[in-house]
Amino acid sequence: MSTLNPVRDTRTGNTRTGNTRPGSTRARNTRGRWRLAANTGAIVLALVTAFPIFWMVLSAFKPKGEVQSLDPKPWTAHPTLESFRQVLSVDGFGRYFVNSLVIALSVVVLSAVVVFLAAVAVTRFRFRFRTTIMVMFLIAQMIPVEALTIPLFFMFRDAGRFAPGIGLNTLASLILVQLAFSLPFGIWMMRGFVAAVPVSIEEAAQIDGASRTRILWRILLPLVAPGLAATSVFSFIAAWNDFVFAKTFIISATQNQTLPSALLVFFKPDENDWGGIMAASTLMTVPVLIFFIAVQRKLVSGLAGAVKD
C-alpha cells in the first residue's frame with residue numbers, strides 16, 4: 001500500500017501529489033545501516049591491523065627506560081634516535097642490508113620473467129600434462145617450508161661440490177630457493193591475467209605481420225604488466241623477510257648474512273634489547289614500503305583487472 005505525499009516539482013515550481021512506497025524507504029534505510037556497519041567494521045579492522053606497526057615505530061623512538069617500563073604508554077614525551085644509532089653501528093649492518101636487497105631484487109626480476117613465460121605457455125598453448133603441471137604447482141604451495149628446509153640443505157650442500165657458486169654460504173642458494181617458492185603462486189596468479197587478454201588482440205597483430213616474439217614482448221607483456229606488479233610485491237616481501245633459509249644455508253660466511261639474521265644480535269640470553277629490535281624492524285620495513293609505493297598504481301589496477309575486451 002502506498003501513501004500520497006505532496007512532492008514539489010523542481011522544474012515548474014508546482015506542488016504535485018506523488019507516491020512514496022514505504023517498502024523502498026525501508027530498503028534504503030536497511031542499506032544505509034549495512035553500509036554504516038561495514039564502514040565501521042573496516043575502520044576497526046584497519047586500526048587493529050595498523051596497531052602493531054604503530055607500536056613498533058613508537059618503541060623504536062622511545063628511550064630505553066620507557067621501552068622496558070612495566071607501565072607502557074602509547075606515546076613518548078622524549079623521542080630519541082639512540083636505538084637507530086645502535087642498529088646502524090652494528091658491525092656489517094650495511095653489508096647485510098645490501099645482501100637482502102640483492103636477493104630480493106634478483107628474485108623479483110627472475111620470477112617476473114619466468115612467471116610471465118610460464119603463464120603464457122599454460123594459457124595459450126595446448127600440450128600434454130598441462131593440467132597435471134598446474135595441479136603440481138598448487139600442491140607445491142601446500143607443503144610447509146619447514147618440511148623442505150633439511151632436504152634443501154642437503155641438496156645445496158651436494159650441489160656446492162660440483163658448482164661452488166650455488167652451494168651453501170652463498171647468496172645464489174638463497175636466490176634459487178626463494179625463486180622456487182615464488183614461482184608456483186606467481187604462475188597461478190599470472191595465469192588469470194594472461195587469460196583475461198582477448199586472443200583477438202594477438203590474432204590482429206599476427207594479421208598485421210607481427211611475429212610471435214614481438215607479440216609476446218611488445219603487446220602481451222604491457223597488457224599484463226599490472227599482474228606482474230602484483231606478483232612482484234609478494235615475491236619481494238617473501239624474499240626480503242626470509243629468515244629460515246638464510247639461517248640454515250649461511251653457516252660460516254658471515255659476510256653473506258641477511259638483515260633478518262642480523263636481528264639476532266639484539267636477542268640476548270639475559271635481556272633482549274627491544275629498542276634495537278624495534279628500530280631494526282622499522283628500518284627493514286622501509287624498503288618494502290618504498291617498493292610498494294613504486295608499484296602501487298600497477299598493483300591496484302592489476303588486482304582490479306586491467307584488461308577488458
# chains A, B, ... in the order shown; residues from 1 in each chain; ligands from 1
call {"tool": "residues_around", "arguments": {"residues": "region 84-96 of chain A", "least_positions_apart": "2", "cutoff": "6 Å", "atoms": "only C-alpha atoms", "output": "list in words"}}
result
Leu81, Glu82, Val98, Asn99, Gln257, Thr258, Leu259 and Ala279 of chain A
call {"tool": "write_last_selection", "arguments": {"atoms": "all heavy atoms", "output": "PDB file, in the first residue's frame"}}
result
ATOM      1  N   LEU A  81      66.751   8.979  18.929  1.00  0.00           N
ATOM      2  CA  LEU A  81      67.254   8.162  17.826  1.00  0.00           C
ATOM      3  C   LEU A  81      68.353   7.206  18.289  1.00  0.00           C
ATOM      4  O   LEU A  81      69.067   6.645  17.467  1.00  0.00           O
ATOM      5  CB  LEU A  81      67.803   9.067  16.712  1.00  0.00           C
ATOM      6  CG  LEU A  81      66.791   9.981  16.021  1.00  0.00           C
ATOM      7  CD1 LEU A  81      67.504  10.879  15.007  1.00  0.00           C
ATOM      8  CD2 LEU A  81      65.700   9.169  15.328  1.00  0.00           C
ATOM      9  N   GLU A  82      68.467   7.005  19.600  1.00  0.00           N
ATOM     10  CA  GLU A  82      69.535   6.183  20.140  1.00  0.00           C
ATOM     11  C   GLU A  82      69.446   4.744  19.636  1.00  0.00           C
ATOM     12  O   GLU A  82      70.473   4.125  19.317  1.00  0.00           O
ATOM     13  CB  GLU A  82      69.483   6.206  21.674  1.00  0.00           C
ATOM     14  CG  GLU A  82      70.596   5.405  22.343  1.00  0.00           C
ATOM     15  CD  GLU A  82      71.983   5.904  21.977  1.00  0.00           C
ATOM     16  OE1 GLU A  82      72.132   7.121  21.732  1.00  0.00           O
ATOM     17  OE2 GLU A  82      72.906   5.073  21.926  1.00  0.00           O
ATOM     18  N   VAL A  98      72.598  -4.751   2.055  1.00  0.00           N
ATOM     19  CA  VAL A  98      72.845  -4.931   0.619  1.00  0.00           C
ATOM     20  C   VAL A  98      72.559  -6.369   0.203  1.00  0.00           C
ATOM     21  O   VAL A  98      71.971  -6.626  -0.860  1.00  0.00           O
ATOM     22  CB  VAL A  98      74.284  -4.524   0.270  1.00  0.00           C
ATOM     23  CG1 VAL A  98      74.605  -4.868  -1.181  1.00  0.00           C
ATOM     24  CG2 VAL A  98      74.485  -3.026   0.507  1.00  0.00           C
ATOM     25  N   ASN A  99      72.952  -7.340   1.032  1.00  0.00           N
ATOM     26  CA  ASN A  99      72.690  -8.743   0.707  1.00  0.00           C
ATOM     27  C   ASN A  99      71.191  -9.008   0.568  1.00  0.00           C
ATOM     28  O   ASN A  99      70.758  -9.677  -0.382  1.00  0.00           O
ATOM     29  CB  ASN A  99      73.280  -9.652   1.791  1.00  0.00           C
ATOM     30  CG  ASN A  99      74.794  -9.654   1.785  1.00  0.00           C
ATOM     31  OD1 ASN A  99      75.428  -9.291   0.802  1.00  0.00           O
ATOM     32  ND2 ASN A  99      75.386 -10.062   2.892  1.00  0.00           N
ATOM     33  N   GLN A 257      75.357 -12.941   5.366  1.00  0.00           N
ATOM     34  CA  GLN A 257      74.134 -12.949   6.160  1.00  0.00           C
ATOM     35  C   GLN A 257      73.183 -11.853   5.682  1.00  0.00           C
ATOM     36  O   GLN A 257      73.598 -10.883   5.050  1.00  0.00           O
ATOM     37  CB  GLN A 257      74.443 -12.764   7.638  1.00  0.00           C
ATOM     38  CG  GLN A 257      75.071 -13.980   8.296  1.00  0.00           C
ATOM     39  CD  GLN A 257      75.275 -13.768   9.780  1.00  0.00           C
ATOM     40  OE1 GLN A 257      75.125 -12.662  10.293  1.00  0.00           O
ATOM     41  NE2 GLN A 257      75.621 -14.836  10.487  1.00  0.00           N
ATOM     42  N   THR A 258      71.914 -12.011   6.023  1.00  0.00           N
ATOM     43  CA  THR A 258      70.891 -11.042   5.627  1.00  0.00           C
ATOM     44  C   THR A 258      70.368 -10.302   6.854  1.00  0.00           C
ATOM     45  O   THR A 258      70.704 -10.643   7.998  1.00  0.00           O
ATOM     46  CB  THR A 258      69.734 -11.759   4.915  1.00  0.00           C
ATOM     47  OG1 THR A 258      69.181 -12.753   5.794  1.00  0.00           O
ATOM     48  CG2 THR A 258      70.212 -12.430   3.634  1.00  0.00           C
ATOM     49  N   LEU A 259      69.527  -9.314   6.616  1.00  0.00           N
ATOM     50  CA  LEU A 259      69.031  -8.485   7.715  1.00  0.00           C
ATOM     51  C   LEU A 259      68.255  -9.265   8.774  1.00  0.00           C
ATOM     52  O   LEU A 259      68.435  -9.022   9.962  1.00  0.00           O
ATOM     53  CB  LEU A 259      68.164  -7.356   7.144  1.00  0.00           C
ATOM     54  CG  LEU A 259      68.898  -6.096   6.701  1.00  0.00           C
ATOM     55  CD1 LEU A 259      67.908  -5.038   6.242  1.00  0.00           C
ATOM     56  CD2 LEU A 259      69.764  -5.545   7.820  1.00  0.00           C
ATOM     57  N   ALA A 279      63.835  -0.870  16.301  1.00  0.00           N
ATOM     58  CA  ALA A 279      64.471   0.049  15.355  1.00  0.00           C
ATOM     59  C   ALA A 279      64.925  -0.692  14.106  1.00  0.00           C
ATOM     60  O   ALA A 279      64.739  -0.217  12.976  1.00  0.00           O
ATOM     61  CB  ALA A 279      65.644   0.753  16.024  1.00  0.00           C
TER      62      ALA A 279
END
call {"tool": "atom_distance", "arguments": {"atom1": "CA of Pro52 (chain A)", "atom2": "CA of Ala262 (chain A)"}}
result
21.2 Å
call {"tool": "residues_around", "arguments": {"residues": "Leu264 (chain A)", "least_positions_apart": "3", "cutoff": "12 Å", "atoms": "only C-alpha atoms", "output": "NGL selection string"}}
result
:A and (87 or 90 or 243 or 247 or 257-261 or 267-269 or 272-274 or 276-277 or 280-281)
call {"tool": "closest_atom_pairs", "arguments": {"of": "region 205-264 of chain A", "to": "region 100-112 of chain A", "cutoff": "8 Å", "atoms": "only C-alpha atoms", "output": "JSON lines"}}
result
{"residue": "A:Leu228", "atom": "CA", "partner": "A:Ala112", "partner_atom": "CA", "distance": 6.3}
{"residue": "A:Thr231", "atom": "CA", "partner": "A:Ala112", "partner_atom": "CA", "distance": 7.7}
{"residue": "A:Ser232", "atom": "CA", "partner": "A:Val108", "partner_atom": "CA", "distance": 5.5}
{"residue": "A:Ser235", "atom": "CA", "partner": "A:Val108", "partner_atom": "CA", "distance": 5.9}
{"residue": "A:Phe236", "atom": "CA", "partner": "A:Ala104", "partner_atom": "CA", "distance": 5.2}
{"residue": "A:Ile237", "atom": "CA", "partner": "A:Ala104", "partner_atom": "CA", "distance": 7.8}
{"residue": "A:Ala239", "atom": "CA", "partner": "A:Ala104", "partner_atom": "CA", "distance": 5.0}
{"residue": "A:Trp240", "atom": "CA", "partner": "A:Ala104", "partner_atom": "CA", "distance": 5.4}
{"residue": "A:Thr258", "atom": "CA", "partner": "A:Ser100", "partner_atom": "CA", "distance": 5.2}
{"residue": "A:Leu259", "atom": "CA", "partner": "A:Ser100", "partner_atom": "CA", "distance": 6.3}
call {"tool": "select_by_dssp", "arguments": {"residues": "region 127-305 of chain A", "states": "alpha helix (DSSP H)", "output": "ChimeraX atom specification"}}
result
/A:130-142,145-162,171-196,199-207,212-214,221-240,244-249,259-262,274-304
call {"tool": "atom_distance", "arguments": {"atom1": "CA of Pro72 (chain A)", "atom2": "CA of Thr40 (chain A)"}}
result
27.7 Å
call {"tool": "closest_residue", "arguments": {"among": "A:Trp217, A:Trp188, A:Phe116, A:Phe181", "to": "Ile133 (chain A)", "atoms": "only C-alpha atoms"}}
result
A:Trp188
call {"tool": "atom_distance", "arguments": {"atom1": "CA of Ser182 (chain A)", "atom2": "CA of Val194 (chain A)"}}
result
17.9 Å
call {"tool": "closest_residue", "arguments": {"among": "A:Leu168, A:Leu263, A:Leu220, A:Val135", "to": "Val199 (chain A)", "atoms": "only C-alpha atoms"}}
result
A:Leu220
call {"tool": "closest_residue", "arguments": {"among": "A:Leu174, A:Val286, A:Phe193, A:Ala147", "to": "Thr123 (chain A)", "atoms": "only C-alpha atoms"}}
result
A:Phe193
call {"tool": "closest_residue", "arguments": {"among": "A:Pro164, A:Asp208, A:Gly275, A:Leu171", "to": "Thr254 (chain A)", "atoms": "only C-alpha atoms"}}
result
A:Leu171
call {"tool": "closest_residue", "arguments": {"among": "A:Val57, A:Val122, A:Leu47, A:Val233", "to": "Ser83 (chain A)", "atoms": "only C-alpha atoms"}}
result
A:Val57
